[in-house]
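With compact mmCIF, C-alpha atoms and all ligand atoms inside, this is model10.txt:
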```txt
# COMPACT_ATOMS: atom_id res chain seq x y z
CA MET A 15 5.36 -9.62 -9.69
CA CYS A 16 4.37 -6.47 -7.86
CA GLY A 17 5.16 -2.85 -8.67
CA ILE A 18 6.27 -0.08 -6.35
CA VAL A 19 6.24 3.66 -7.09
CA GLY A 20 7.16 6.44 -4.68
CA TYR A 21 7.27 10.22 -4.99
CA ILE A 22 8.55 13.03 -2.78
CA GLY A 23 8.69 16.46 -4.39
CA LYS A 24 6.85 19.71 -5.04
CA ARG A 25 4.15 18.39 -7.39
CA GLN A 26 0.87 16.66 -6.50
CA ALA A 27 1.98 13.12 -5.73
CA ALA A 28 -1.20 11.09 -6.30
CA GLY A 29 -1.35 11.43 -10.09
CA ILE A 30 2.36 10.77 -10.50
CA VAL A 31 2.21 7.60 -8.42
CA LEU A 32 -0.99 6.37 -10.08
CA ASP A 33 0.55 6.94 -13.53
CA GLY A 34 3.60 4.99 -12.37
CA LEU A 35 1.46 2.10 -11.19
CA THR A 36 -0.36 2.10 -14.53
CA ALA A 37 2.99 1.87 -16.31
CA LEU A 38 3.85 -1.19 -14.21
CA GLU A 39 0.57 -3.05 -14.87
CA TYR A 40 2.30 -5.34 -17.39
CA ARG A 41 4.07 -7.05 -14.47
CA GLY A 42 0.77 -8.53 -13.28
CA TYR A 43 -1.09 -7.88 -10.03
CA ASP A 44 -4.38 -8.53 -8.24
CA SER A 45 -4.90 -5.35 -6.21
CA ALA A 46 -3.44 -1.90 -5.81
CA GLY A 47 -3.11 0.82 -3.21
CA ILE A 48 -1.68 4.23 -2.52
CA ALA A 49 -0.74 6.10 0.67
CA LEU A 50 -0.52 9.89 0.70
CA LEU A 51 1.06 12.14 3.32
CA ASP A 52 -0.26 15.71 3.34
CA GLN A 53 1.52 18.85 4.52
CA ASN A 54 0.18 18.35 8.07
CA GLU A 55 1.73 14.86 8.04
CA HIS A 56 -1.72 13.31 7.97
CA GLY A 57 -1.80 10.02 6.10
CA ASP A 58 -4.53 8.61 3.87
CA ILE A 59 -4.65 5.16 2.30
CA ILE A 60 -6.84 3.98 -0.57
CA LYS A 61 -6.83 0.36 -1.71
CA GLU A 62 -8.82 -1.59 -4.30
CA VAL A 63 -8.97 -5.11 -5.63
CA GLY A 64 -8.44 -5.26 -9.39
CA ARG A 65 -7.23 -2.63 -11.82
CA VAL A 66 -5.28 0.53 -11.06
CA GLU A 67 -8.10 2.33 -12.88
CA ASN A 68 -10.46 1.31 -10.03
CA LEU A 69 -8.00 2.81 -7.58
CA ARG A 70 -7.76 6.01 -9.62
CA LYS A 71 -11.58 6.35 -9.58
CA ARG A 72 -11.65 5.86 -5.80
CA ALA A 73 -8.90 8.46 -5.37
CA VAL A 74 -10.89 11.01 -7.41
CA GLU A 75 -14.11 10.25 -5.47
CA ALA A 76 -12.29 10.52 -2.14
CA ASP A 77 -11.27 14.13 -2.92
CA LEU A 78 -8.04 13.66 -1.03
CA PRO A 79 -6.11 16.57 0.48
CA ASP A 80 -3.14 17.91 -1.46
CA ALA A 81 -0.10 15.74 -0.88
CA THR A 82 3.42 15.93 -2.28
CA ILE A 83 4.51 12.60 -0.77
CA ALA A 84 3.03 9.26 -1.81
CA ILE A 85 3.83 5.59 -2.21
CA GLY A 86 1.88 3.09 -4.29
CA HIS A 87 1.89 -0.64 -4.87
CA THR A 88 0.43 -3.25 -7.19
CA ARG A 89 0.22 -6.57 -5.33
CA TRP A 90 0.67 -10.13 -6.49
CA ALA A 91 -0.65 -12.05 -3.48
CA THR A 92 1.56 -14.67 -1.88
CA HIS A 93 0.26 -14.61 1.72
CA GLY A 94 -3.47 -13.98 2.03
CA GLY A 95 -5.86 -13.72 -0.90
CA PRO A 96 -6.55 -10.67 -3.02
CA SER A 97 -8.60 -8.30 -0.84
CA VAL A 98 -8.68 -4.68 0.25
CA ALA A 99 -7.41 -5.66 3.71
CA ASN A 100 -4.45 -7.52 2.23
CA ALA A 101 -3.60 -4.90 -0.40
CA HIS A 102 -0.64 -2.65 0.30
CA PRO A 103 0.26 -0.13 1.72
CA HIS A 104 -0.02 -1.36 5.29
CA THR A 105 0.23 1.01 8.22
CA ASN A 106 0.54 1.19 11.98
CA THR A 107 -2.36 2.19 14.25
CA ASP A 108 -1.28 5.86 14.34
CA GLN A 109 -0.84 5.94 10.55
CA THR A 110 2.69 7.31 10.92
CA ILE A 111 4.37 4.44 9.04
CA PHE A 112 3.35 3.19 5.57
CA VAL A 113 4.84 0.02 4.12
CA VAL A 114 4.82 -1.67 0.73
CA HIS A 115 6.82 -4.76 -0.11
CA ASN A 116 7.71 -6.98 -3.03
CA GLY A 117 8.43 -10.64 -2.37
CA ILE A 118 8.18 -12.91 0.65
CA ILE A 119 9.30 -12.47 4.27
CA GLU A 120 10.28 -16.05 5.12
CA ASN A 121 10.22 -15.67 8.92
CA TYR A 122 7.09 -13.52 9.11
CA THR A 123 5.25 -16.00 11.38
CA ASP A 124 7.93 -15.69 14.08
CA LEU A 125 7.98 -11.89 13.74
CA LYS A 126 4.18 -11.64 13.79
CA THR A 127 3.81 -13.90 16.82
CA SER A 128 6.44 -11.92 18.70
CA LEU A 129 4.70 -8.63 17.93
CA GLN A 130 1.28 -10.06 18.84
CA ASN A 131 2.76 -11.11 22.20
CA HIS A 132 3.65 -7.43 22.67
CA GLY A 133 0.05 -6.43 22.00
CA TYR A 134 0.25 -5.41 18.35
CA VAL A 135 -2.91 -6.07 16.35
CA PHE A 136 -2.77 -7.12 12.69
CA THR A 137 -5.48 -6.38 10.16
CA SER A 138 -4.29 -8.45 7.19
CA GLU A 139 -3.15 -11.98 6.38
CA THR A 140 0.03 -10.81 4.64
CA ASP A 141 3.64 -11.46 5.52
CA THR A 142 4.25 -7.74 4.93
CA GLU A 143 2.25 -6.24 7.76
N1 LIG B 1 4.10 -11.24 0.06
C1 LIG B 1 3.44 -9.98 -0.04
C2 LIG B 1 1.93 -10.16 -0.02
O1 LIG B 1 1.43 -11.25 -0.22
C3 LIG B 1 3.89 -9.16 -1.24
C4 LIG B 1 3.47 -9.78 -2.54
C5 LIG B 1 3.98 -9.00 -3.75
O2 LIG B 1 5.19 -9.11 -4.05
O3 LIG B 1 3.17 -8.27 -4.35
O4 LIG B 1 1.24 -9.18 0.22
```
Take the structure in this file and express it as structure tokens.
Ligand code: GLU
Amino acid sequence: MCGIVGYIGKRQAAGIVLDGLTALEYRGYDSAGIALLDQNEHGDIIKEVGRVENLRKRAVEADLPDATIAIGHTRWATHGGPSVANAHPHTNTDQTIFVVHNGIIENYTDLKTSLQNHGYVFTSETDTE
């Protein structure tokens, strides 16, 4: 079962969300990711297969800009295997929308096909994107 943590406030969001994901590890997961929105409304996403600790290391190495808005997810794969591409958050081409999701979208094939017919390109195998 996945975990979802979000933060909007005045403090640095990354550490708060990563600590929240760590607290939810007991639920089980195969990959984890975090999206951050900085004060210029620029979005960054970091995703890793495996432990939240791997994600935390990547976040430190990436030296991300200060952000007070973030959302994070631990994924339990149902559609598409455990991979960086399939890990959440997912985003649109302009990186203005960031999505995480727990569960299954039963009619995702119909929705995906309809969007593909409108020219949208998908980068994962998930029902979420
Ligand atoms: N069905 C989604 C996926 O496979 C969400 C799985 C979950 O609840 O973590 O990415």
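Of the residues under consideration (A:Val31, A:Leu50, A:Val113, A:Ile118), A:Leu50 shows the shortest atom-to-atom contact distance to Ile83 in chain A when counting all atoms listed in the file.
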### Atom-to-atom span, CA of Leu125 in chain A and CA of Arg41 in chain A, Å
28.9 Å
Quick one: contact table of chain A to ligand LIG 1 (chain B), 7 Å max, nearest atom pair and distance in Å to one decimal per residue, counting only C-alpha atoms and all ligand atoms, chain and number order, as JSON lines?
```
{"residue": "A:Met15", "atom": "CA", "partner": "B:LIG1", "partner_atom": "O2", "distance": 5.7}
{"residue": "A:Cys16", "atom": "CA", "partner": "B:LIG1", "partner_atom": "O3", "distance": 4.1}
{"residue": "A:Thr88", "atom": "CA", "partner": "B:LIG1", "partner_atom": "O3", "distance": 6.4}
{"residue": "A:Arg89", "atom": "CA", "partner": "B:LIG1", "partner_atom": "O3", "distance": 3.5}
{"residue": "A:Trp90", "atom": "CA", "partner": "B:LIG1", "partner_atom": "O3", "distance": 3.8}
{"residue": "A:Ala91", "atom": "CA", "partner": "B:LIG1", "partner_atom": "O1", "distance": 3.9}
{"residue": "A:Thr92", "atom": "CA", "partner": "B:LIG1", "partner_atom": "O1", "distance": 3.8}
{"residue": "A:His93", "atom": "CA", "partner": "B:LIG1", "partner_atom": "O1", "distance": 4.1}
{"residue": "A:Gly94", "atom": "CA", "partner": "B:LIG1", "partner_atom": "O1", "distance": 6.0}
{"residue": "A:Asn100", "atom": "CA", "partner": "B:LIG1", "partner_atom": "O4", "distance": 6.3}
{"residue": "A:Ala101", "atom": "CA", "partner": "B:LIG1", "partner_atom": "O4", "distance": 6.5}
{"residue": "A:His102", "atom": "CA", "partner": "B:LIG1", "partner_atom": "O4", "distance": 6.8}
{"residue": "A:His115", "atom": "CA", "partner": "B:LIG1", "partner_atom": "C3", "distance": 5.4}
{"residue": "A:Asn116", "atom": "CA", "partner": "B:LIG1", "partner_atom": "O2", "distance": 3.5}
{"residue": "A:Gly117", "atom": "CA", "partner": "B:LIG1", "partner_atom": "O2", "distance": 4.0}
{"residue": "A:Ile118", "atom": "CA", "partner": "B:LIG1", "partner_atom": "N1", "distance": 4.4}
{"residue": "A:Ile119", "atom": "CA", "partner": "B:LIG1", "partner_atom": "N1", "distance": 6.8}
{"residue": "A:Thr140", "atom": "CA", "partner": "B:LIG1", "partner_atom": "O4", "distance": 4.9}
{"residue": "A:Asp141", "atom": "CA", "partner": "B:LIG1", "partner_atom": "N1", "distance": 5.5}
{"residue": "A:Thr142", "atom": "CA", "partner": "B:LIG1", "partner_atom": "C1", "distance": 5.5}
```
### Message
Env of Ala73 in chain A: 12 Å cut, atoms = all atoms listed in the file, seq-sep filter 4 positions within chain, self excluded. Answer as a PyMOL selection string.
### Response
chain A and resi 27-29+31-32+46-50+58-62+66-69+77-80
### Task
Please tell me which residues are no farther than 10 Å from (1.4, -0.8, 20.6) in the file, counting all atoms listed in the file, and write them as a ChimeraX atom specification.
/A:106-108,129-130,132-135
### Query
Which value, in Å to one decimal, gives the distance between CA of Gly64 in chain A and CA of Ala76 in chain A?
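For CA of Gly64 in chain A relative to CA of Ala76 in chain A, the distance reads 17.8 Å.
Using only C-alpha atoms, the shortest contact distance between Ser45 in chain A and any of A:Thr82, A:Thr105, A:Ser128, A:Ser97 is found at A:Ser97.
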### Query
Quick one: distance from CA of Glu120 in chain A to CA of Ala37 in chain A in Å, one decimal?
28.9 Å
### Message
Using only C-alpha atoms for the distances, tell me which of A:Asn54, A:Asp44, A:Lys71, A:Phe136 is nearest to Val98 in chain A.
### Response
A:Asp44
### Query
Could you tell me, as a VMD selection string, which residues have any atom at most 7 Å from (5.2, 5.2, -3.7), counting all atoms listed in the file?
chain A and resid 18 to 21 31 84 to 87
Draw an axis-aligned box tight on the listed atoms of range 65-82 of chain A, then pad every side by 4 Å and write out centre and edge lengths in Å to one decimal as JSON.
```
{"center_x": -5.3, "center_y": 7.6, "center_z": -6.2, "size_x": 25.5, "size_y": 28.5, "size_z": 21.4}
```
### Query
For Val114 in chain A, which of A:Glu143, A:Lys126, A:Arg65, A:Tyr40 is the closest residue, counting only C-alpha atoms?
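Of A:Glu143, A:Lys126, A:Arg65, A:Tyr40, the one nearest Val114 in chain A is A:Glu143, counting only C-alpha atoms.
The shortest atom-to-atom distance to Lys24 in chain A, with all atoms listed in the file taken into account, belongs to A:Ala81 out of A:Thr36, A:Asn121, A:Ala81, A:Val63.
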